[in-house]
>>> print(open('data.txt').read())   # compact mmCIF, C-alpha atoms and all ligand atoms
# COMPACT_ATOMS: atom_id res chain seq x y z
CA MET A 1416 62.49 -29.97 5.36
CA SER A 1417 60.73 -32.24 2.94
CA SER A 1418 57.06 -31.57 3.74
CA GLU A 1419 55.01 -29.08 1.77
CA PRO A 1420 55.59 -25.52 2.91
CA LEU A 1421 52.75 -23.71 4.67
CA LEU A 1422 53.32 -20.74 2.36
CA LYS A 1423 54.81 -21.02 -1.10
CA VAL A 1424 55.28 -17.95 -3.24
CA SER A 1425 56.49 -18.77 -6.74
CA GLY A 1426 57.42 -16.47 -9.58
CA VAL A 1427 55.25 -13.68 -8.23
CA GLU A 1428 55.14 -10.41 -10.11
CA THR A 1429 53.21 -7.48 -8.70
CA TYR A 1430 52.67 -4.16 -10.41
CA TYR A 1431 51.51 -0.71 -9.40
CA GLY A 1432 50.25 0.53 -12.74
CA ASN A 1433 53.25 0.09 -15.02
CA ILE A 1434 55.75 -0.18 -12.21
CA ARG A 1435 56.85 -3.70 -11.45
CA ALA A 1436 57.43 -3.85 -7.70
CA LEU A 1437 57.94 -7.62 -7.54
CA ALA A 1438 59.90 -9.16 -10.40
CA GLY A 1439 59.44 -12.88 -9.93
CA VAL A 1440 59.69 -13.71 -6.25
CA ASP A 1441 60.10 -17.21 -4.77
CA VAL A 1442 59.74 -17.61 -1.03
CA GLU A 1443 58.77 -20.52 1.21
CA VAL A 1444 57.72 -20.59 4.83
CA HIS A 1445 57.32 -23.91 6.62
CA LYS A 1446 55.07 -24.58 9.55
CA GLY A 1447 56.70 -23.57 12.83
CA GLU A 1448 59.37 -21.40 11.24
CA ILE A 1449 60.28 -17.79 11.80
CA VAL A 1450 61.40 -16.44 8.45
CA SER A 1451 62.48 -12.88 7.83
CA LEU A 1452 62.78 -10.72 4.78
CA ILE A 1453 65.34 -7.95 4.75
CA GLY A 1454 66.22 -5.40 2.11
CA ALA A 1455 66.62 -1.70 1.43
CA ASN A 1456 63.81 0.85 1.27
CA GLY A 1457 61.69 0.34 -1.81
CA ALA A 1458 62.93 -3.21 -2.41
CA GLY A 1459 59.38 -4.57 -2.42
CA LYS A 1460 59.13 -6.13 1.04
CA SER A 1461 55.79 -4.60 1.98
CA THR A 1462 54.49 -5.32 -1.49
CA LEU A 1463 55.24 -9.01 -0.98
CA MET A 1464 53.41 -9.03 2.37
CA MET A 1465 50.44 -7.30 0.79
CA THR A 1466 50.46 -9.56 -2.24
CA ILE A 1467 50.26 -12.60 0.05
CA CYS A 1468 47.14 -10.97 1.51
CA GLY A 1469 45.74 -10.34 -1.96
CA SER A 1470 45.93 -6.56 -2.18
CA PRO A 1471 47.43 -5.84 -4.63
CA GLN A 1472 47.07 -9.22 -6.30
CA ALA A 1473 49.97 -10.83 -8.15
CA ARG A 1474 49.81 -10.26 -11.89
CA SER A 1475 51.65 -13.50 -12.48
CA GLY A 1476 53.01 -16.32 -10.40
CA GLN A 1477 51.35 -18.12 -7.55
CA VAL A 1478 50.72 -17.84 -3.83
CA VAL A 1479 49.86 -21.18 -2.26
CA PHE A 1480 48.83 -21.35 1.38
CA ASP A 1481 48.18 -24.61 3.20
CA GLY A 1482 47.93 -26.42 -0.12
CA GLU A 1483 45.45 -23.96 -1.64
CA ASP A 1484 46.11 -21.49 -4.44
CA ILE A 1485 45.09 -18.13 -2.92
CA THR A 1486 46.59 -15.92 -5.63
CA LYS A 1487 43.24 -14.63 -6.87
CA ILE A 1488 41.22 -14.89 -3.69
CA PRO A 1489 39.83 -11.61 -2.28
CA THR A 1490 41.62 -10.21 0.77
CA HIS A 1491 38.80 -10.74 3.28
CA LEU A 1492 38.61 -14.41 2.33
CA ILE A 1493 42.37 -14.79 2.67
CA ALA A 1494 42.06 -13.55 6.26
CA ARG A 1495 39.61 -16.41 6.88
CA ARG A 1496 42.34 -18.86 5.89
CA ARG A 1497 44.02 -17.57 9.05
CA ILE A 1498 46.70 -15.42 7.59
CA ALA A 1499 46.94 -12.37 9.87
CA GLN A 1500 48.91 -9.28 9.05
CA SER A 1501 50.30 -6.51 11.19
CA PRO A 1502 50.93 -4.03 8.39
CA GLU A 1503 53.64 -1.42 8.13
CA GLY A 1504 52.59 1.71 10.01
CA ARG A 1505 50.36 -0.39 12.29
CA ARG A 1506 46.97 0.79 11.02
CA ILE A 1507 45.01 0.24 14.16
CA PHE A 1508 41.58 1.84 14.46
CA PRO A 1509 42.40 5.20 16.10
CA ARG A 1510 38.92 6.04 17.40
CA MET A 1511 38.24 2.64 18.87
CA THR A 1512 39.46 1.60 22.28
CA VAL A 1513 42.21 -0.93 22.79
CA LEU A 1514 39.64 -3.59 23.66
CA GLU A 1515 37.51 -2.79 20.60
CA ASN A 1516 40.58 -2.98 18.39
CA LEU A 1517 41.31 -6.44 19.74
CA GLN A 1518 37.70 -7.40 19.14
CA MET A 1519 38.10 -6.40 15.48
CA GLY A 1520 40.95 -8.87 15.19
CA ALA A 1521 38.86 -11.71 16.57
CA GLY A 1522 35.47 -12.48 15.15
CA LEU A 1523 36.40 -15.48 13.10
CA ASP A 1524 34.95 -17.88 15.67
CA ASP A 1525 31.94 -15.90 16.88
CA LEU A 1526 34.06 -14.46 19.65
CA LYS A 1527 34.08 -17.88 21.25
CA TYR A 1528 37.68 -17.51 22.35
CA PHE A 1529 37.55 -13.77 22.88
CA LYS A 1530 37.95 -13.61 26.65
CA GLU A 1531 40.65 -16.23 26.76
CA ASP A 1532 42.57 -14.69 23.89
CA VAL A 1533 42.31 -11.14 25.23
CA GLU A 1534 43.71 -12.35 28.54
CA LYS A 1535 46.61 -13.91 26.66
CA ILE A 1536 47.35 -10.65 24.85
CA PHE A 1537 47.11 -8.74 28.13
CA THR A 1538 49.54 -11.13 29.75
CA MET A 1539 51.88 -10.71 26.82
CA PHE A 1540 51.54 -6.91 26.77
CA PRO A 1541 50.47 -5.77 30.26
CA ARG A 1542 50.54 -2.18 29.06
CA LEU A 1543 47.54 -2.90 26.84
CA LYS A 1544 45.58 -4.17 29.82
CA GLU A 1545 46.17 -0.92 31.68
CA ARG A 1546 45.07 0.99 28.59
CA GLN A 1547 42.18 -1.18 27.48
CA SER A 1548 39.63 1.65 27.52
CA GLN A 1549 41.92 4.18 25.87
CA ARG A 1550 41.43 5.06 22.21
CA GLY A 1551 43.96 3.45 19.89
CA GLY A 1552 44.96 6.75 18.31
CA THR A 1553 46.13 8.16 21.64
CA LEU A 1554 48.50 5.27 22.41
CA SER A 1555 52.23 5.77 22.08
CA GLY A 1556 53.99 4.32 19.06
CA GLY A 1557 55.20 1.27 20.95
CA GLU A 1558 51.78 0.67 22.47
CA GLN A 1559 50.18 0.91 19.02
CA GLN A 1560 52.65 -1.65 17.74
CA MET A 1561 51.74 -3.99 20.59
CA LEU A 1562 48.08 -3.46 19.77
CA SER A 1563 48.63 -4.13 16.09
CA ILE A 1564 50.39 -7.41 16.85
CA GLY A 1565 47.83 -8.28 19.51
CA ARG A 1566 45.00 -7.65 17.09
CA ALA A 1567 46.60 -9.89 14.48
CA LEU A 1568 47.03 -12.66 17.07
CA MET A 1569 43.37 -12.46 18.07
CA SER A 1570 42.42 -14.35 14.92
CA ARG A 1571 44.51 -17.33 16.03
CA PRO A 1572 46.53 -17.19 12.82
CA LYS A 1573 48.28 -20.11 11.18
CA LEU A 1574 50.62 -17.57 9.65
CA LEU A 1575 51.49 -14.21 11.17
CA LEU A 1576 52.85 -11.57 8.81
CA LEU A 1577 54.67 -8.71 10.50
CA ASP A 1578 55.78 -5.71 8.50
CA GLU A 1579 58.45 -3.77 10.41
CA PRO A 1580 57.36 -4.50 13.97
CA SER A 1581 60.32 -2.50 15.32
CA LEU A 1582 59.77 0.66 13.29
CA GLY A 1583 60.30 3.75 15.40
CA LEU A 1584 60.46 1.91 18.68
CA ALA A 1585 62.97 2.14 21.49
CA PRO A 1586 65.44 -0.77 21.65
CA LEU A 1587 63.99 -2.10 24.89
CA ILE A 1588 60.48 -2.27 23.44
CA VAL A 1589 61.80 -3.94 20.29
CA LYS A 1590 63.53 -6.51 22.46
CA GLY A 1591 60.29 -7.17 24.34
CA ILE A 1592 58.27 -7.58 21.16
CA PHE A 1593 60.84 -9.92 19.60
CA GLU A 1594 60.92 -11.99 22.78
CA GLN A 1595 57.15 -12.38 22.60
CA ILE A 1596 57.34 -13.45 18.96
CA LYS A 1597 59.96 -16.03 19.82
CA ARG A 1598 57.94 -17.29 22.77
CA LEU A 1599 54.77 -17.70 20.68
CA ASN A 1600 56.80 -19.55 18.09
CA LYS A 1601 58.38 -21.87 20.65
CA GLU A 1602 55.41 -22.49 22.90
CA GLU A 1603 52.54 -22.41 20.42
CA GLY A 1604 54.28 -23.25 17.19
CA LEU A 1605 53.21 -19.97 15.60
CA THR A 1606 54.60 -19.54 12.09
CA VAL A 1607 55.94 -16.05 11.41
CA PHE A 1608 57.05 -14.23 8.28
CA LEU A 1609 58.46 -10.84 9.09
CA VAL A 1610 59.91 -7.84 7.32
CA GLU A 1611 62.54 -5.95 9.25
CA GLN A 1612 64.78 -2.94 8.79
CA ASN A 1613 66.61 -4.06 11.88
CA ALA A 1614 68.40 -6.84 10.05
CA PHE A 1615 70.58 -7.81 12.98
CA ALA A 1616 67.65 -8.43 15.32
CA ALA A 1617 65.65 -10.14 12.58
CA LEU A 1618 68.42 -12.53 11.57
CA LYS A 1619 69.10 -13.42 15.17
CA LEU A 1620 65.43 -14.21 15.72
CA SER A 1621 64.88 -16.13 12.50
CA ASP A 1622 65.34 -19.71 11.42
CA ARG A 1623 65.79 -18.57 7.84
CA ALA A 1624 65.85 -15.32 5.92
CA TYR A 1625 65.62 -13.84 2.44
CA VAL A 1626 67.29 -10.75 1.09
CA MET A 1627 65.34 -8.70 -1.43
CA VAL A 1628 66.81 -6.22 -3.91
CA ASN A 1629 64.73 -4.37 -6.49
CA GLY A 1630 61.78 -6.72 -6.37
CA LYS A 1631 63.86 -9.90 -6.46
CA VAL A 1632 65.16 -12.31 -3.86
CA THR A 1633 68.93 -12.24 -4.22
CA MET A 1634 69.96 -14.40 -1.31
CA SER A 1635 68.58 -16.79 1.25
CA GLY A 1636 69.89 -18.92 4.07
CA THR A 1637 69.66 -19.55 7.76
CA GLY A 1638 69.69 -16.50 10.01
CA ARG A 1639 73.13 -17.52 11.14
CA GLU A 1640 74.48 -17.89 7.60
CA LEU A 1641 73.26 -14.48 6.55
CA LEU A 1642 74.55 -12.87 9.73
CA ALA A 1643 77.98 -14.19 8.83
CA ASP A 1644 77.82 -13.28 5.13
CA PRO A 1645 80.18 -10.41 4.25
CA SER A 1646 77.92 -8.88 1.61
CA VAL A 1647 74.93 -8.97 3.95
CA ARG A 1648 77.04 -7.49 6.71
CA ALA A 1649 78.24 -4.70 4.45
CA ALA A 1650 74.81 -3.85 3.07
CA TYR A 1651 72.55 -4.33 6.08
CA LEU A 1652 74.51 -4.79 9.27
CA GLU A 1653 77.22 -2.16 9.33
CA GLY A 1654 76.67 0.92 11.42
CA GLY A 1655 75.65 -0.73 14.63
CA HIS A 1656 72.08 -1.85 13.96
CA HIS A 1657 71.24 -3.89 16.99
N1 LIG B 1701 50.65 2.21 -3.96
C1 LIG B 1701 51.75 2.30 -4.72
N2 LIG B 1701 51.71 2.89 -5.93
C2 LIG B 1701 52.82 2.97 -6.71
N3 LIG B 1701 54.02 2.50 -6.37
C3 LIG B 1701 54.12 1.92 -5.17
C4 LIG B 1701 52.99 1.78 -4.28
N4 LIG B 1701 53.40 1.15 -3.16
C5 LIG B 1701 54.72 0.90 -3.34
N5 LIG B 1701 55.15 1.34 -4.54
C6 LIG B 1701 56.51 1.24 -5.08
O1 LIG B 1701 56.87 -0.13 -5.10
C7 LIG B 1701 58.22 -0.31 -4.70
C8 LIG B 1701 58.28 -1.26 -3.52
O2 LIG B 1701 57.69 -0.65 -2.40
P1 LIG B 1701 57.52 -1.38 -1.02
O3 LIG B 1701 56.66 -0.52 -0.14
O4 LIG B 1701 57.08 -2.76 -1.24
O5 LIG B 1701 59.02 -1.39 -0.50
P2 LIG B 1701 59.64 -1.84 0.91
O6 LIG B 1701 60.72 -2.81 0.62
O7 LIG B 1701 58.56 -2.23 1.83
O8 LIG B 1701 60.32 -0.48 1.41
P3 LIG B 1701 60.45 0.12 2.90
O9 LIG B 1701 61.61 -0.55 3.53
O10 LIG B 1701 60.76 1.58 2.63
O11 LIG B 1701 59.16 -0.07 3.62
C9 LIG B 1701 58.75 1.08 -4.39
O12 LIG B 1701 59.47 1.52 -5.51
C10 LIG B 1701 57.51 1.91 -4.17
O13 LIG B 1701 57.71 3.25 -4.56
MG MG B 1702 57.82 -1.51 3.60
>>> encode(input="data.txt", output="structure tokens", more="lines below")
Ligand SMILES: Nc1ncnc2c1ncn2[C@@H]1O[C@H](COP(=O)(O)OP(=O)(O)OP(=O)(O)O)[C@@H](O)[C@H]1O
Ligand SMILES: [Mg+2]
Amino acid sequence: MSSEPLLKVSGVETYYGNIRALAGVDVEVHKGEIVSLIGANGAGKSTLMMTICGSPQARSGQVVFDGEDITKIPTHLIARRRIAQSPEGRRIFPRMTVLENLQMGAGLDDLKYFKEDVEKIFTMFPRLKERQSQRGGTLSGGEQQMLSIGRALMSRPKLLLLDEPSLGLAPLIVKGIFEQIKRLNKEEGLTVFLVEQNAFAALKLSDRAYVMVNGKVTMSGTGRELLADPSVRAAYLEGGHH
């Protein structure tokens, strides 16, 4: 892979007050890749996702997206560069209907593609079609996760950031969601950077992966390499996570 990466994070440090959550992180995601980030609770995974989106901003280091330095660009303008995030804990709009939530994700192109894109999401997650008039807050956890991903996709992102898409979901639903991610990647060339507790599923899905420990990347490789690595297996894969 010799071309410039779509996303290049270099030497990024992010703080919450005096606490350094990211201690010099380097990560690259190339166009068309699925890359995952695994690591223990509190390692800094969500902080990296949020730093890419500009909230909080990196105190030092650089985030370059599509050749542009976005390190100090405000969050709402980063979204216009077509980086879409499905954050940890989903954060859909609970009082809005499913359809309204999807509408909030669109908007970048004057709703020009709205109908077409909504149909695509409904084909991908038929459950959302059945529930389109239901308020987001009354959906089940799995349905909310589908809505959160659907909403992120409505902006036709160049880069989709997913923070723990499998959190709290039944294995069958996780499987369905991962299959959809893979399909979008294969058929539409969607580039995905995802954080996952379910390291086994993430590594199987991913072209490449990074391991984060205490705000630092300690290891990287292909999904296959990390799946086979004894230290990764011991730390993240033992105990039947699949
Ligand atoms: N708003 C905040 N204020 C202060 N400290 C924070 C804040 N958010 C996160 N942290 C701290 O930063 C560190 C990294 O947190 P982060 O949420 O990025 O971890 P994570 O890898 O996503 O963990 P998890 O797997 O539990 O989601 C943790 O020590 C956490 O306590
Ligand atoms: Mg997190």
>>> closest_residue(input="data.txt", among="A:Pro1489, A:Pro1586, A:Gly1638, A:Gly1552", to="A:Leu1620", atoms="only C-alpha atoms")
A:Gly1638
>>> residues_around(input="data.txt", residues="stretch 1601-1616 of chain A", least_positions_apart="6", cutoff="8 Å", atoms="all atoms listed in the file", output="PyMOL selection string")
chain A and resi 1444-1455+1460-1461+1572-1582+1642+1651-1652+1656-1657
>>> closest_residue(input="data.txt", among="A:Leu1562, A:Leu1422, A:Leu1584, A:Leu1437", to="A:Met1511", atoms="only C-alpha atoms")
A:Leu1562
>>> residues_around(input="data.txt", residues="A:Arg1639", least_positions_apart="2", cutoff="9 Å", atoms="only C-alpha atoms", output="ChimeraX atom specification")
/A:1618-1619,1621-1623,1636-1637,1641-1644
>>> residues_around(input="data.txt", residues="stretch 1472-1482 of chain A", least_positions_apart="2", cutoff="6 Å", atoms="only C-alpha atoms", output="ChimeraX atom specification")
/A:1421-1429,1466,1469-1470,1484-1486
>>> residues_near_ligand(input="data.txt", ligand="ligand LIG 1701 (chain B)", cutoff="6 Å", atoms="all atoms listed in the file", output="number ranges by chain")
A: 1431, 1436, 1455-1462
>>> closest_residue(input="data.txt", among="A:Arg1496, A:Arg1505, A:Arg1435, A:His1491", to="ligand MG 1702 (chain B)", atoms="only C-alpha atoms and all ligand atoms")
A:Arg1505
>>> closest_residue(input="data.txt", among="A:Gly1630, A:Asn1433, A:Ile1507, A:Thr1512", to="ligand MG 1702 (chain B)", atoms="only C-alpha atoms and all ligand atoms")
A:Gly1630
>>> atom_distance(input="data.txt", atom1="atom CA of A:Val1632", atom2="atom CA of A:Asn1600")
24.6 Å
>>> residues_near_point(input="data.txt", point="(38.9, 3.1, 18.8)", cutoff="8 Å", atoms="all atoms listed in the file", output="PDB file with C-alpha atoms, in the frame of the given file")
ATOM      1  CA  PHE A1508      41.580   1.840  14.460  1.00  0.00           C
ATOM      2  CA  PRO A1509      42.400   5.200  16.100  1.00  0.00           C
ATOM      3  CA  ARG A1510      38.920   6.040  17.400  1.00  0.00           C
ATOM      4  CA  MET A1511      38.240   2.640  18.870  1.00  0.00           C
ATOM      5  CA  THR A1512      39.460   1.600  22.280  1.00  0.00           C
ATOM      6  CA  VAL A1513      42.210  -0.930  22.790  1.00  0.00           C
ATOM      7  CA  GLU A1515      37.510  -2.790  20.600  1.00  0.00           C
ATOM      8  CA  ASN A1516      40.580  -2.980  18.390  1.00  0.00           C
ATOM      9  CA  GLN A1549      41.920   4.180  25.870  1.00  0.00           C
ATOM     10  CA  ARG A1550      41.430   5.060  22.210  1.00  0.00           C
ATOM     11  CA  GLY A1551      43.960   3.450  19.890  1.00  0.00           C
ATOM     12  CA  GLY A1552      44.960   6.750  18.310  1.00  0.00           C
TER      13      GLY A1552
END
>>> atom_distance(input="data.txt", atom1="atom CA of A:Glu1503", atom2="atom CA of A:Tyr1528")
26.8 Å
>>> atom_distance(input="data.txt", atom1="atom CA of A:Gly1556", atom2="atom CA of A:Arg1497")
26.1 Å
>>> build_atoms(input="data.txt", residues="stretch 1474-1498 of chain A", atoms="N, CA, C and O atoms", output="mmCIF file, in the coordinates of the input")
data_model
loop_
_atom_site.group_PDB
_atom_site.id
_atom_site.type_symbol
_atom_site.label_atom_id
_atom_site.label_comp_id
_atom_site.auth_asym_id
_atom_site.auth_seq_id
_atom_site.Cartn_x
_atom_site.Cartn_y
_atom_site.Cartn_z
ATOM 1 N N ARG A 1474 50.217 -10.237 -10.473
ATOM 2 C CA ARG A 1474 49.810 -10.260 -11.890
ATOM 3 C C ARG A 1474 50.187 -11.603 -12.521
ATOM 4 O O ARG A 1474 49.506 -12.110 -13.382
ATOM 5 N N SER A 1475 51.315 -12.132 -12.065
ATOM 6 C CA SER A 1475 51.650 -13.500 -12.480
ATOM 7 C C SER A 1475 52.350 -14.209 -11.338
ATOM 8 O O SER A 1475 52.747 -13.589 -10.360
ATOM 9 N N GLY A 1476 52.470 -15.506 -11.481
ATOM 10 C CA GLY A 1476 53.010 -16.320 -10.400
ATOM 11 C C GLY A 1476 51.898 -16.812 -9.497
ATOM 12 O O GLY A 1476 50.715 -16.639 -9.807
ATOM 13 N N GLN A 1477 52.300 -17.418 -8.398
ATOM 14 C CA GLN A 1477 51.350 -18.120 -7.550
ATOM 15 C C GLN A 1477 51.655 -17.946 -6.076
ATOM 16 O O GLN A 1477 52.811 -17.969 -5.663
ATOM 17 N N VAL A 1478 50.592 -17.794 -5.286
ATOM 18 C CA VAL A 1478 50.720 -17.840 -3.830
ATOM 19 C C VAL A 1478 49.895 -19.029 -3.352
ATOM 20 O O VAL A 1478 48.674 -19.066 -3.557
ATOM 21 N N VAL A 1479 50.562 -20.003 -2.763
ATOM 22 C CA VAL A 1479 49.860 -21.180 -2.260
ATOM 23 C C VAL A 1479 49.991 -21.206 -0.744
ATOM 24 O O VAL A 1479 51.092 -21.092 -0.200
ATOM 25 N N PHE A 1480 48.835 -21.309 -0.073
ATOM 26 C CA PHE A 1480 48.830 -21.350 1.380
ATOM 27 C C PHE A 1480 48.117 -22.611 1.839
ATOM 28 O O PHE A 1480 46.978 -22.857 1.441
ATOM 29 N N ASP A 1481 48.790 -23.404 2.655
ATOM 30 C CA ASP A 1481 48.180 -24.610 3.200
ATOM 31 C C ASP A 1481 47.591 -25.485 2.079
ATOM 32 O O ASP A 1481 46.478 -26.003 2.186
ATOM 33 N N GLY A 1482 48.338 -25.570 0.983
ATOM 34 C CA GLY A 1482 47.930 -26.420 -0.120
ATOM 35 C C GLY A 1482 46.906 -25.820 -1.072
ATOM 36 O O GLY A 1482 46.527 -26.447 -2.058
ATOM 37 N N GLU A 1483 46.483 -24.575 -0.799
ATOM 38 C CA GLU A 1483 45.450 -23.960 -1.640
ATOM 39 C C GLU A 1483 46.010 -22.760 -2.389
ATOM 40 O O GLU A 1483 46.723 -21.933 -1.808
ATOM 41 N N ASP A 1484 45.685 -22.648 -3.654
ATOM 42 C CA ASP A 1484 46.110 -21.490 -4.440
ATOM 43 C C ASP A 1484 45.249 -20.286 -4.054
ATOM 44 O O ASP A 1484 44.048 -20.255 -4.335
ATOM 45 N N ILE A 1485 45.854 -19.298 -3.382
ATOM 46 C CA ILE A 1485 45.090 -18.130 -2.920
ATOM 47 C C ILE A 1485 45.397 -16.880 -3.745
ATOM 48 O O ILE A 1485 44.987 -15.773 -3.375
ATOM 49 N N THR A 1486 46.114 -17.063 -4.857
ATOM 50 C CA THR A 1486 46.590 -15.920 -5.630
ATOM 51 C C THR A 1486 45.468 -14.952 -6.003
ATOM 52 O O THR A 1486 45.650 -13.743 -5.972
ATOM 53 N N LYS A 1487 44.323 -15.494 -6.367
ATOM 54 C CA LYS A 1487 43.240 -14.630 -6.870
ATOM 55 C C LYS A 1487 42.051 -14.537 -5.912
ATOM 56 O O LYS A 1487 40.963 -14.137 -6.290
ATOM 57 N N ILE A 1488 42.291 -14.939 -4.677
ATOM 58 C CA ILE A 1488 41.220 -14.890 -3.690
ATOM 59 C C ILE A 1488 41.153 -13.495 -3.064
ATOM 60 O O ILE A 1488 42.184 -12.903 -2.779
ATOM 61 N N PRO A 1489 39.933 -12.944 -2.882
ATOM 62 C CA PRO A 1489 39.830 -11.610 -2.280
ATOM 63 C C PRO A 1489 40.397 -11.566 -0.849
ATOM 64 O O PRO A 1489 40.328 -12.560 -0.119
ATOM 65 N N THR A 1490 40.938 -10.400 -0.507
ATOM 66 C CA THR A 1490 41.620 -10.210 0.770
ATOM 67 C C THR A 1490 40.842 -10.706 1.986
ATOM 68 O O THR A 1490 41.388 -11.377 2.856
ATOM 69 N N HIS A 1491 39.553 -10.374 2.069
ATOM 70 C CA HIS A 1491 38.800 -10.740 3.280
ATOM 71 C C HIS A 1491 38.659 -12.251 3.402
ATOM 72 O O HIS A 1491 38.551 -12.784 4.503
ATOM 73 N N LEU A 1492 38.686 -12.944 2.277
ATOM 74 C CA LEU A 1492 38.610 -14.410 2.330
ATOM 75 C C LEU A 1492 39.971 -15.011 2.674
ATOM 76 O O LEU A 1492 40.053 -16.071 3.288
ATOM 77 N N ILE A 1493 41.028 -14.327 2.287
ATOM 78 C CA ILE A 1493 42.370 -14.790 2.670
ATOM 79 C C ILE A 1493 42.533 -14.719 4.182
ATOM 80 O O ILE A 1493 43.064 -15.636 4.803
ATOM 81 N N ALA A 1494 41.998 -13.663 4.793
ATOM 82 C CA ALA A 1494 42.060 -13.550 6.260
ATOM 83 C C ALA A 1494 41.384 -14.745 6.914
ATOM 84 O O ALA A 1494 41.828 -15.237 7.946
ATOM 85 N N ARG A 1495 40.309 -15.238 6.306
ATOM 86 C CA ARG A 1495 39.610 -16.410 6.880
ATOM 87 C C ARG A 1495 40.435 -17.685 6.789
ATOM 88 O O ARG A 1495 40.136 -18.655 7.477
ATOM 89 N N ARG A 1496 41.419 -17.703 5.934
ATOM 90 C CA ARG A 1496 42.340 -18.860 5.890
ATOM 91 C C ARG A 1496 43.318 -18.791 7.037
ATOM 92 O O ARG A 1496 44.240 -19.591 7.099
ATOM 93 N N ARG A 1497 43.163 -17.765 7.869
ATOM 94 C CA ARG A 1497 44.020 -17.570 9.050
ATOM 95 C C ARG A 1497 45.429 -17.133 8.700
ATOM 96 O O ARG A 1497 46.415 -17.647 9.226
ATOM 97 N N ILE A 1498 45.465 -16.172 7.772
ATOM 98 C CA ILE A 1498 46.700 -15.420 7.590
ATOM 99 C C ILE A 1498 46.415 -14.056 8.216
ATOM 100 O O ILE A 1498 45.458 -13.391 7.816
#
